[in-house]
>>> print(open('work.tsv').read())   # TSV, C-alpha atoms and all ligand atoms
chain	number	residue	atom	x	y	z
J	1	MET	CA	-21.49	-15.22	-10.02
J	2	SER	CA	-22.17	-13.30	-13.23
J	3	ILE	CA	-19.21	-11.30	-14.48
J	4	HIS	CA	-19.78	-7.91	-16.09
J	5	LYS	CA	-17.50	-7.01	-18.98
J	6	VAL	CA	-16.91	-3.34	-18.39
J	7	ILE	CA	-15.24	-0.35	-19.99
J	8	ILE	CA	-14.63	2.39	-17.45
J	9	ASP	CA	-14.88	5.77	-19.18
J	10	ALA	CA	-13.27	8.18	-16.74
J	11	ASP	CA	-11.57	11.54	-16.12
J	12	PRO	CA	-9.38	10.80	-13.07
J	13	GLY	CA	-9.93	12.64	-10.67
J	14	VAL	CA	-9.97	11.40	-7.09
J	15	ASP	CA	-13.50	9.94	-7.28
J	16	ASP	CA	-12.54	8.17	-10.46
J	17	ALA	CA	-9.47	6.76	-8.72
J	18	ALA	CA	-11.67	5.12	-6.09
J	19	ALA	CA	-14.03	3.69	-8.72
J	20	ILE	CA	-11.21	2.35	-10.88
J	21	LEU	CA	-9.34	0.76	-7.97
J	22	MET	CA	-12.58	-0.71	-6.61
J	23	ALA	CA	-13.36	-2.30	-9.99
J	24	LEU	CA	-9.84	-3.66	-10.39
J	25	ALA	CA	-10.17	-5.54	-7.09
J	26	SER	CA	-13.63	-6.96	-7.84
J	27	PRO	CA	-13.99	-10.44	-9.35
J	28	GLU	CA	-17.55	-9.63	-10.45
J	29	ILE	CA	-16.12	-7.16	-12.97
J	30	GLU	CA	-13.82	-7.80	-15.91
J	31	VAL	CA	-12.36	-4.42	-16.80
J	32	LEU	CA	-11.73	-4.47	-20.56
J	33	GLY	CA	-9.94	-1.14	-20.45
J	34	LEU	CA	-10.05	2.46	-19.30
J	35	SER	CA	-11.24	4.97	-21.88
J	36	ILE	CA	-10.12	8.37	-20.73
J	37	VAL	CA	-11.64	11.79	-21.34
J	38	ALA	CA	-10.78	15.34	-20.29
J	39	GLY	CA	-12.81	16.54	-17.33
J	40	ASN	CA	-11.50	17.01	-13.82
J	41	VAL	CA	-8.19	18.00	-15.44
J	42	SER	CA	-6.90	18.17	-19.03
J	43	LEU	CA	-6.68	14.98	-21.11
J	44	GLU	CA	-2.91	14.85	-20.76
J	45	HIS	CA	-3.32	14.70	-16.98
J	46	THR	CA	-6.35	12.38	-16.85
J	47	VAL	CA	-4.43	9.89	-18.99
J	48	THR	CA	-1.32	10.16	-16.80
J	49	ASN	CA	-3.48	9.66	-13.72
J	50	ALA	CA	-5.21	6.61	-15.19
J	51	CYS	CA	-1.82	5.07	-16.02
J	52	LYS	CA	-0.58	5.71	-12.48
J	53	LEU	CA	-3.69	4.03	-11.04
J	54	VAL	CA	-3.20	0.94	-13.19
J	55	GLY	CA	0.42	0.93	-12.00
J	56	VAL	CA	-0.37	1.01	-8.28
J	57	SER	CA	-3.11	-1.60	-8.70
J	58	GLY	CA	-0.65	-4.09	-10.18
J	59	ARG	CA	-3.17	-4.70	-13.00
J	60	ARG	CA	-0.93	-3.91	-15.94
J	61	ASP	CA	-3.10	-6.16	-18.09
J	62	VAL	CA	-5.73	-3.39	-18.15
J	63	PRO	CA	-5.10	-1.01	-21.07
J	64	VAL	CA	-5.56	2.76	-20.96
J	65	PHE	CA	-6.84	4.66	-24.01
J	66	ALA	CA	-6.80	8.44	-24.52
J	67	GLY	CA	-10.03	9.93	-25.87
J	68	ALA	CA	-11.58	13.35	-26.32
J	69	SER	CA	-9.58	16.36	-25.15
J	70	GLY	CA	-12.62	18.62	-24.91
J	71	PRO	CA	-16.42	18.79	-25.08
J	72	LEU	CA	-18.42	18.52	-28.31
J	73	VAL	CA	-19.78	22.07	-28.45
J	74	ARG	CA	-19.40	24.16	-25.30
J	75	GLU	CA	-16.19	25.78	-24.10
J	76	GLN	CA	-13.97	23.63	-21.89
J	77	VAL	CA	-14.44	23.59	-18.14
J	78	TYR	CA	-12.37	21.63	-15.65
J	79	GLY	CA	-13.13	20.35	-12.16
J	80	LYS	CA	-12.83	22.07	-8.80
J	81	TYR	CA	-9.32	20.70	-8.30
J	82	ALA	CA	-8.12	21.42	-11.85
J	83	ARG	CA	-4.94	22.89	-10.42
J	84	ILE	CA	-3.72	19.47	-9.31
J	85	GLY	CA	-3.12	18.28	-12.89
J	86	SER	CA	-1.37	14.95	-12.69
J	87	PHE	CA	-1.38	13.23	-9.31
J	88	ASP	CA	1.82	14.14	-7.47
J	89	ASP	CA	4.25	11.21	-7.18
J	90	LYS	CA	4.14	11.71	-3.41
J	91	LEU	CA	0.42	10.90	-3.50
J	92	VAL	CA	0.29	8.20	-6.18
J	93	LYS	CA	3.53	6.38	-6.86
J	94	ALA	CA	4.96	6.96	-10.33
J	95	GLY	CA	4.97	3.93	-12.61
J	96	ASP	CA	5.81	3.10	-16.19
J	97	VAL	CA	2.37	2.27	-17.62
J	98	VAL	CA	1.73	4.14	-20.87
J	99	PRO	CA	-1.47	4.56	-22.90
J	100	ALA	CA	-2.25	2.32	-25.86
J	101	GLU	CA	-2.03	3.83	-29.34
J	102	GLU	CA	-5.67	3.18	-30.23
J	103	SER	CA	-8.06	6.02	-29.36
J	104	ALA	CA	-10.62	5.57	-26.59
J	105	ILE	CA	-13.45	6.06	-29.07
J	106	GLN	CA	-12.11	3.35	-31.37
J	107	PHE	CA	-11.61	1.07	-28.36
J	108	ILE	CA	-15.27	1.49	-27.36
J	109	VAL	CA	-16.39	0.82	-30.94
J	110	ARG	CA	-14.15	-2.23	-31.29
J	111	SER	CA	-15.20	-3.69	-27.94
J	112	ALA	CA	-18.94	-3.21	-28.58
J	113	ARG	CA	-18.68	-4.77	-32.03
J	114	ALA	CA	-16.66	-7.71	-30.67
J	115	ALA	CA	-19.36	-8.23	-28.04
J	116	VAL	CA	-22.06	-8.39	-30.73
J	117	THR	CA	-20.01	-10.92	-32.66
J	118	ALA	CA	-19.59	-12.99	-29.49
J	119	GLY	CA	-23.33	-12.82	-28.78
J	120	GLU	CA	-22.90	-10.75	-25.64
J	121	GLN	CA	-22.96	-7.13	-24.54
J	122	ILE	CA	-20.66	-4.89	-22.54
J	123	THR	CA	-21.37	-2.33	-19.82
J	124	ILE	CA	-19.88	1.14	-19.89
J	125	CYS	CA	-19.32	2.76	-16.50
J	126	ALA	CA	-19.17	6.42	-17.47
J	127	ILE	CA	-17.77	8.51	-14.63
J	128	GLY	CA	-16.64	11.63	-16.45
J	129	PRO	CA	-18.09	13.93	-19.12
J	130	LEU	CA	-19.84	11.75	-21.73
J	131	THR	CA	-17.84	12.98	-24.75
J	132	ASN	CA	-16.11	9.68	-25.62
J	133	VAL	CA	-19.31	7.67	-25.33
J	134	ALA	CA	-21.32	10.17	-27.40
J	135	LEU	CA	-18.67	10.23	-30.14
J	136	ALA	CA	-18.66	6.43	-30.36
J	137	LEU	CA	-22.46	6.36	-30.62
J	138	ILE	CA	-22.73	9.20	-33.17
J	139	GLN	CA	-19.91	8.06	-35.40
J	140	HIS	CA	-20.89	4.38	-35.33
J	141	PRO	CA	-24.56	3.97	-34.33
J	142	ASP	CA	-24.31	0.18	-34.70
J	143	VAL	CA	-22.20	-0.01	-31.52
J	144	ALA	CA	-25.36	0.61	-29.46
J	145	ARG	CA	-26.25	-3.04	-30.09
J	146	GLY	CA	-23.14	-4.16	-28.24
J	147	ILE	CA	-23.79	-2.03	-25.15
J	148	ARG	CA	-26.02	-3.60	-22.53
J	149	GLN	CA	-26.17	-0.49	-20.37
J	150	ILE	CA	-24.35	2.71	-19.55
J	151	VAL	CA	-24.01	3.15	-15.79
J	152	SER	CA	-23.29	6.83	-15.48
J	153	MET	CA	-22.45	9.10	-12.59
J	154	GLY	CA	-24.05	12.42	-13.38
J	155	GLY	CA	-26.97	14.76	-13.00
J	156	ALA	CA	-28.87	16.31	-10.13
J	157	PHE	CA	-32.59	16.45	-9.56
J	158	THR	CA	-33.87	17.48	-6.13
J	159	ALA	CA	-30.35	17.94	-4.76
J	160	LEU	CA	-29.60	20.44	-7.53
J	161	GLY	CA	-26.12	21.18	-8.70
J	162	HIS	CA	-22.69	21.53	-7.23
J	163	ARG	CA	-20.91	23.02	-10.22
J	164	THR	CA	-23.62	25.61	-10.85
J	165	PRO	CA	-26.86	25.99	-8.87
J	166	TRP	CA	-28.49	23.70	-11.47
J	167	ALA	CA	-25.82	21.40	-12.80
J	168	GLU	CA	-23.66	18.50	-11.76
J	169	PHE	CA	-20.11	18.62	-13.16
J	170	ASN	CA	-20.05	15.65	-15.59
J	171	ILE	CA	-23.21	16.82	-17.36
J	172	TYR	CA	-22.25	20.50	-17.23
J	173	ALA	CA	-18.83	19.78	-18.75
J	174	ASP	CA	-20.43	18.31	-21.90
J	175	PRO	CA	-24.24	18.67	-21.91
J	176	HIS	CA	-24.52	18.02	-25.66
J	177	ALA	CA	-22.72	14.69	-25.27
J	178	ALA	CA	-24.94	13.79	-22.32
J	179	GLU	CA	-28.11	14.54	-24.28
J	180	ILE	CA	-26.88	12.35	-27.18
J	181	VAL	CA	-26.21	9.48	-24.78
J	182	PHE	CA	-29.56	9.80	-22.97
J	183	GLN	CA	-31.47	9.78	-26.25
J	184	SER	CA	-29.35	7.01	-27.84
J	185	GLY	CA	-31.69	4.16	-26.95
J	186	VAL	CA	-29.02	2.41	-24.86
J	187	PRO	CA	-30.39	1.71	-21.34
J	188	ILE	CA	-28.95	4.21	-18.87
J	189	VAL	CA	-28.54	3.74	-15.12
J	190	LEU	CA	-27.92	7.14	-13.59
J	191	MET	CA	-26.18	7.92	-10.30
J	192	PRO	CA	-27.12	11.56	-9.57
J	193	LEU	CA	-25.94	13.82	-6.76
J	194	ASP	CA	-29.29	13.27	-5.00
J	195	MET	CA	-28.09	9.76	-4.24
J	196	THR	CA	-24.30	10.17	-4.05
J	197	PHE	CA	-24.71	12.90	-1.41
J	198	GLN	CA	-26.30	10.29	0.90
J	199	ALA	CA	-23.04	8.38	1.53
J	200	LEU	CA	-20.38	10.44	3.24
J	201	PHE	CA	-16.85	9.20	3.87
J	202	THR	CA	-14.97	10.57	6.87
J	203	ALA	CA	-11.36	10.55	8.04
J	204	ASP	CA	-11.93	7.21	9.80
J	205	HIS	CA	-12.98	5.60	6.52
J	206	PHE	CA	-9.97	7.00	4.66
J	207	GLU	CA	-7.70	5.62	7.37
J	208	ARG	CA	-9.00	2.14	6.60
J	209	PHE	CA	-7.96	2.46	2.91
J	210	ARG	CA	-4.36	2.26	4.11
J	211	ALA	CA	-4.59	-1.52	4.50
J	212	GLY	CA	-4.94	-1.73	0.71
J	213	GLY	CA	-1.27	-1.77	-0.31
J	214	GLU	CA	-0.04	0.84	-2.80
J	215	ALA	CA	-3.53	1.33	-4.20
J	216	GLY	CA	-5.00	1.93	-0.75
J	217	ALA	CA	-2.16	4.28	0.16
J	218	ALA	CA	-2.79	6.27	-3.03
J	219	LEU	CA	-6.48	6.66	-2.18
J	220	TYR	CA	-5.70	7.60	1.41
J	221	ASN	CA	-3.29	10.26	0.18
J	222	LEU	CA	-5.71	11.65	-2.41
J	223	PHE	CA	-8.74	11.83	-0.15
J	224	THR	CA	-6.87	13.32	2.79
J	225	THR	CA	-5.21	15.92	0.54
J	226	PHE	CA	-8.27	17.08	-1.38
J	227	ASP	CA	-11.05	17.88	1.05
J	228	ARG	CA	-14.48	16.99	-0.29
J	229	SER	CA	-16.57	17.72	2.77
J	230	ASP	CA	-19.28	20.39	2.75
J	231	GLU	CA	-20.82	20.52	6.21
J	232	LYS	CA	-23.05	23.46	5.27
J	233	ARG	CA	-24.63	21.40	2.53
J	234	PHE	CA	-24.64	17.93	4.12
J	235	GLY	CA	-25.24	18.97	7.73
J	236	ARG	CA	-22.60	16.54	8.98
J	237	PRO	CA	-18.91	15.77	8.43
J	238	GLY	CA	-17.65	13.76	5.48
J	239	GLY	CA	-17.75	13.86	1.71
J	240	PRO	CA	-19.16	11.75	-1.14
J	241	ILE	CA	-17.21	9.45	-3.46
J	242	HIS	CA	-19.60	9.82	-6.37
J	243	ASP	CA	-18.00	7.68	-9.07
J	244	ALA	CA	-17.56	4.51	-7.00
J	245	THR	CA	-21.36	4.15	-6.78
J	246	THR	CA	-21.37	2.95	-10.42
J	247	ILE	CA	-19.12	0.02	-9.56
J	248	ALA	CA	-21.00	-0.76	-6.35
J	249	TRP	CA	-24.28	-0.84	-8.31
J	250	LEU	CA	-22.88	-3.52	-10.61
J	251	ILE	CA	-21.62	-5.61	-7.70
J	252	ARG	CA	-24.46	-5.15	-5.20
J	253	PRO	CA	-27.52	-3.53	-6.81
J	254	GLU	CA	-29.58	-4.41	-3.73
J	255	LEU	CA	-27.80	-1.55	-1.90
J	256	PHE	CA	-29.66	0.93	-4.11
J	257	THR	CA	-33.23	2.06	-4.83
J	258	SER	CA	-34.26	3.40	-8.23
J	259	ARG	CA	-37.12	4.78	-10.32
J	260	GLU	CA	-37.70	4.77	-14.06
J	261	ALA	CA	-38.01	8.09	-15.87
J	262	PHE	CA	-37.50	9.90	-19.12
J	263	VAL	CA	-34.39	12.03	-18.56
J	264	GLY	CA	-33.14	14.91	-20.67
J	265	VAL	CA	-30.51	17.61	-20.49
J	266	GLN	CA	-30.71	21.39	-20.90
J	267	VAL	CA	-27.93	22.23	-23.38
J	268	THR	CA	-28.07	26.03	-23.62
J	269	GLY	CA	-28.53	29.15	-21.53
J	270	LEU	CA	-28.11	29.88	-17.86
J	271	THR	CA	-29.32	26.42	-16.82
J	272	MET	CA	-27.01	24.56	-19.23
J	273	GLY	CA	-26.24	21.14	-17.79
J	274	TYR	CA	-29.50	20.85	-15.85
J	275	THR	CA	-30.94	17.33	-15.98
J	276	TYR	CA	-34.69	16.79	-15.73
J	277	ALA	CA	-36.42	13.52	-14.89
J	278	ASP	CA	-40.07	13.08	-15.81
J	279	PHE	CA	-40.94	10.87	-12.82
J	280	TYR	CA	-44.67	11.52	-13.21
J	281	ASN	CA	-44.79	11.01	-16.99
J	282	LYS	CA	-45.91	14.56	-17.79
J	283	MET	CA	-44.17	14.38	-21.15
J	284	ASN	CA	-45.75	11.07	-22.07
J	285	ARG	CA	-42.44	9.64	-23.23
J	286	PRO	CA	-41.13	6.17	-22.40
J	287	SER	CA	-38.45	5.87	-19.74
J	288	ASN	CA	-34.87	6.02	-21.04
J	289	THR	CA	-33.18	5.91	-17.63
J	290	THR	CA	-33.13	4.03	-14.35
J	291	VAL	CA	-32.55	6.91	-11.93
J	292	VAL	CA	-30.91	5.68	-8.72
J	293	THR	CA	-32.50	7.64	-5.92
J	294	ASP	CA	-31.24	6.13	-2.63
J	295	VAL	CA	-28.28	4.20	-1.28
J	296	ASP	CA	-27.64	2.13	1.82
J	297	GLU	CA	-24.87	4.37	3.14
J	298	THR	CA	-23.15	1.86	5.42
J	299	GLY	CA	-23.46	-0.95	2.90
J	300	PHE	CA	-21.82	1.10	0.16
J	301	ILE	CA	-19.06	2.50	2.37
J	302	GLU	CA	-18.15	-0.93	3.74
J	303	LEU	CA	-18.18	-2.46	0.25
J	304	LEU	CA	-15.81	0.17	-1.13
J	305	ILE	CA	-13.43	-0.16	1.81
J	306	GLU	CA	-13.50	-3.95	1.64
J	307	ARG	CA	-12.59	-3.90	-2.06
J	308	ILE	CA	-9.79	-1.37	-1.64
J	309	VAL	CA	-8.32	-3.39	1.22
J	310	ARG	CA	-8.13	-6.38	-1.14
J	311	HIS	CA	-5.30	-4.58	-2.97
J	312	GLY	CA	-3.21	-5.18	0.12
J	313	GLY	CA	-3.64	-8.94	-0.04
J	314	GLU	CA	-2.78	-11.34	-2.78
J	315	ALA	CA	-2.78	-9.80	-6.26
J	316	PRO	CA	-6.23	-10.10	-7.84
J	317	GLU	CA	-6.57	-12.72	-10.54
J	318	ILE	CA	-5.38	-11.36	-13.90
J	319	ARG	CA	-7.89	-11.58	-16.74
J	320	THR	CA	-6.79	-11.09	-20.30
J	321	THR	CA	-9.76	-10.76	-22.64
J	322	GLY	CA	-10.18	-7.62	-24.71
J	323	GLY	CA	-8.03	-4.58	-25.36
J	324	SER	CA	-4.40	-4.25	-26.22
J	325	HIS	CA	-1.73	-4.02	-23.58
J	326	ALA	CA	-0.43	-0.64	-22.53
E	401	LIG	O1	-20.05	15.53	-9.92
E	401	LIG	C1	-19.18	14.51	-9.58
E	401	LIG	C2	-18.31	14.15	-10.75
E	401	LIG	O2	-17.51	15.23	-11.12
E	401	LIG	C3	-17.38	12.99	-10.48
E	401	LIG	O3	-17.28	12.19	-11.63
E	401	LIG	C4	-16.09	13.64	-10.08
E	401	LIG	O4	-14.98	13.03	-10.68
E	401	LIG	C5	-16.32	15.12	-10.38
E	401	LIG	O5	-15.37	15.93	-10.79
E	402	CA	CA	-15.18	11.60	-12.59
>>> encode(input="work.tsv", output="structure tokens")
Amino acid sequence: MSIHKVIIDADPGVDDAAAILMALASPEIEVLGLSIVAGNVSLEHTVTNACKLVGVSGRRDVPVFAGASGPLVREQVYGKYARIGSFDDKLVKAGDVVPAEESAIQFIVRSARAAVTAGEQITICAIGPLTNVALALIQHPDVARGIRQIVSMGGAFTALGHRTPWAEFNIYADPHAAEIVFQSGVPIVLMPLDMTFQALFTADHFERFRAGGEAGAALYNLFTTFDRSDEKRFGRPGGPIHDATTIAWLIRPELFTSREAFVGVQVTGLTMGYTYADFYNKMNRPSNTTVVTDVDETGFIELLIERIVRHGGEAPEIRTTGGSHA
């Protein structure tokens, strides 16, 4: 089994919670740390939420780093459930994990450089606005050499947007950062709404999270409190868990179908945050992105549930490479 060394760059967020807890229960993934960005809620709250998730997972060896508090250029926007702020203690048990002193950007830079020195590369799972990742790449271009791939949840092509008619939230929240990352030369694997909308989780699936100890209970509480269904749009009950597709892709890529394309981002005007993919090579530019187009719905749902349920069994093996302790 090959083990991916991964930084999860996140803005928790209920989707992020599922992705983080899935990764922390997966032996195929060594989570070096969580680099946190503002997005669904303010940075103060995304950091608190990340610390609470590490607490309920029992994986206190995984450090949490605070990063950018706002986008590079545009005005700040938050997610649909911005009002929730920090996860209520009734939903996700309070713990005593605190963030590390080092910034998330410095952590990304340090980890990528250490990987180069060790003759290996890391993966970044980017499941929030891309501000932290863009800052690391702009401020220290050499770090690109230490990054094998950025597996990013973001964008919308044929499905079009959910934050605006054209834009998916993570790209809309910092389109300039997204464009920097897409054009950075680091291979991108993109999980757009077109694909994440294909796997819908229902009340029966959430019920099964409850076998996953404190982590599973936290996810059950979050997903049954914050309704993510949209029957008008999906034509059936249930809602997507976008961010967890990045982790599933690393563990079981055979569950997904993809196409290569040059991808770019519209950074100004009414359509700010729109992502375009040149699937038919009209722009005559080499592919910069593996666009994931389809998912095996049942395979992905069962994989996520199976990993969350593992939190209810024996504690996952603790790994200690990389990062400082929170
Ligand atoms: O568009 C989905 C993304 O934005 C996810 O990362 C989720 O956390 C949301 O707010
Ligand atoms: Ca997110």
>>> residues_around(input="work.tsv", residues="Glu302 of chain J", least_positions_apart="3", cutoff="12 Å", atoms="all atoms listed in the file", output="PDB file with C-alpha atoms, keeping the file's coordinate frame")
ATOM      1  CA  MET J  22     -12.580  -0.710  -6.610  1.00  0.00           C
ATOM      2  CA  ALA J 199     -23.040   8.380   1.530  1.00  0.00           C
ATOM      3  CA  LEU J 200     -20.380  10.440   3.240  1.00  0.00           C
ATOM      4  CA  PHE J 201     -16.850   9.200   3.870  1.00  0.00           C
ATOM      5  CA  ASP J 204     -11.930   7.210   9.800  1.00  0.00           C
ATOM      6  CA  HIS J 205     -12.980   5.600   6.520  1.00  0.00           C
ATOM      7  CA  PHE J 206      -9.970   7.000   4.660  1.00  0.00           C
ATOM      8  CA  ARG J 208      -9.000   2.140   6.600  1.00  0.00           C
ATOM      9  CA  PHE J 209      -7.960   2.460   2.910  1.00  0.00           C
ATOM     10  CA  ALA J 248     -21.000  -0.760  -6.350  1.00  0.00           C
ATOM     11  CA  ARG J 252     -24.460  -5.150  -5.200  1.00  0.00           C
ATOM     12  CA  LEU J 255     -27.800  -1.550  -1.900  1.00  0.00           C
ATOM     13  CA  ASP J 296     -27.640   2.130   1.820  1.00  0.00           C
ATOM     14  CA  GLU J 297     -24.870   4.370   3.140  1.00  0.00           C
ATOM     15  CA  THR J 298     -23.150   1.860   5.420  1.00  0.00           C
ATOM     16  CA  GLY J 299     -23.460  -0.950   2.900  1.00  0.00           C
ATOM     17  CA  ILE J 305     -13.430  -0.160   1.810  1.00  0.00           C
ATOM     18  CA  GLU J 306     -13.500  -3.950   1.640  1.00  0.00           C
ATOM     19  CA  ARG J 307     -12.590  -3.900  -2.060  1.00  0.00           C
ATOM     20  CA  ILE J 308      -9.790  -1.370  -1.640  1.00  0.00           C
ATOM     21  CA  VAL J 309      -8.320  -3.390   1.220  1.00  0.00           C
TER      22      VAL J 309
END
>>> residues_near_ligand(input="work.tsv", ligand="ligand CA 402 (chain E)", cutoff="8 Å", atoms="all atoms listed in the file", output="list of chain:residue names")
J:Ala10, J:Asp11, J:Pro12, J:Gly13, J:Val14, J:Asp15, J:Asp16, J:Gly39, J:Asn40, J:Ile127, J:Gly128, J:Pro129, J:Met153, J:Asn170, J:His242, J:Asp243
>>> write_last_selection(input="work.tsv", atoms="C-alpha atoms", output="mmCIF file, keeping the file's coordinate frame")
data_model
loop_
_atom_site.group_PDB
_atom_site.id
_atom_site.type_symbol
_atom_site.label_atom_id
_atom_site.label_comp_id
_atom_site.auth_asym_id
_atom_site.auth_seq_id
_atom_site.Cartn_x
_atom_site.Cartn_y
_atom_site.Cartn_z
ATOM 1 C CA ALA J 10 -13.270 8.180 -16.740
ATOM 2 C CA ASP J 11 -11.570 11.540 -16.120
ATOM 3 C CA PRO J 12 -9.380 10.800 -13.070
ATOM 4 C CA GLY J 13 -9.930 12.640 -10.670
ATOM 5 C CA VAL J 14 -9.970 11.400 -7.090
ATOM 6 C CA ASP J 15 -13.500 9.940 -7.280
ATOM 7 C CA ASP J 16 -12.540 8.170 -10.460
ATOM 8 C CA GLY J 39 -12.810 16.540 -17.330
ATOM 9 C CA ASN J 40 -11.500 17.010 -13.820
ATOM 10 C CA ILE J 127 -17.770 8.510 -14.630
ATOM 11 C CA GLY J 128 -16.640 11.630 -16.450
ATOM 12 C CA PRO J 129 -18.090 13.930 -19.120
ATOM 13 C CA MET J 153 -22.450 9.100 -12.590
ATOM 14 C CA ASN J 170 -20.050 15.650 -15.590
ATOM 15 C CA HIS J 242 -19.600 9.820 -6.370
ATOM 16 C CA ASP J 243 -18.000 7.680 -9.070
#
>>> residues_around(input="work.tsv", residues="Tyr280 of chain J", least_positions_apart="5", cutoff="12 Å", atoms="all atoms listed in the file", output="ChimeraX atom specification")
/J:259-263,285-287
>>> write_last_selection(input="work.tsv", atoms="C-alpha atoms", output="short mmCIF file (atom, residue, chain, number, x, y, z; two decimals), in the coordinates of the input")
data_model
loop_
_atom_site.label_atom_id
_atom_site.label_comp_id
_atom_site.auth_asym_id
_atom_site.auth_seq_id
_atom_site.Cartn_x
_atom_site.Cartn_y
_atom_site.Cartn_z
CA ARG J 259 -37.12 4.78 -10.32
CA GLU J 260 -37.70 4.77 -14.06
CA ALA J 261 -38.01 8.09 -15.87
CA PHE J 262 -37.50 9.90 -19.12
CA VAL J 263 -34.39 12.03 -18.56
CA ARG J 285 -42.44 9.64 -23.23
CA PRO J 286 -41.13 6.17 -22.40
CA SER J 287 -38.45 5.87 -19.74
#
>>> atom_distance(input="work.tsv", atom1="atom CA of Thr268 of chain J", atom2="atom CA of Lys282 of chain J")
22.0 Å
>>> residues_around(input="work.tsv", residues="segment 73-76 of chain J", least_positions_apart="2", cutoff="7 Å", atoms="only C-alpha atoms", output="list of chain:residue names")
J:Gly70, J:Pro71, J:Tyr78, J:Ala173, J:Asp174, J:His176
>>> residues_around(input="work.tsv", residues="Asn49 of chain J", least_positions_apart="3", cutoff="9 Å", atoms="all atoms listed in the file", output="PyMOL selection string")
chain J and resi 11-13+17+44-46+52-54+85-87+92
>>> closest_residue(input="work.tsv", among="J:Val116, J:Arg163, J:Ala18, J:Ala203", to="Leu304 of chain J", atoms="only C-alpha atoms")
J:Ala18
>>> closest_residue(input="work.tsv", among="J:Glu120, J:Glu168, J:Asp230, J:Asp278", to="ligand LIG 401 (chain E)", atoms="only C-alpha atoms and all ligand atoms")
J:Glu168
>>> residues_around(input="work.tsv", residues="Glu254 of chain J", least_positions_apart="2", cutoff="12 Å", atoms="only C-alpha atoms", output="ChimeraX atom specification")
/J:248-252,256-258,292,294-296,299-300
>>> closest_residue(input="work.tsv", among="J:Val6, J:Ile150, J:Ile171, J:Val37", to="ligand LIG 401 (chain E)", atoms="all atoms listed in the file")
J:Ile171
>>> atom_distance(input="work.tsv", atom1="atom CA of Tyr276 of chain J", atom2="atom CA of Gly155 of chain J")
8.4 Å
>>> closest_residue(input="work.tsv", among="J:Thr164, J:Thr293, J:Thr117, J:Thr224", to="ligand LIG 401 (chain E)", atoms="all atoms listed in the file")
J:Thr164
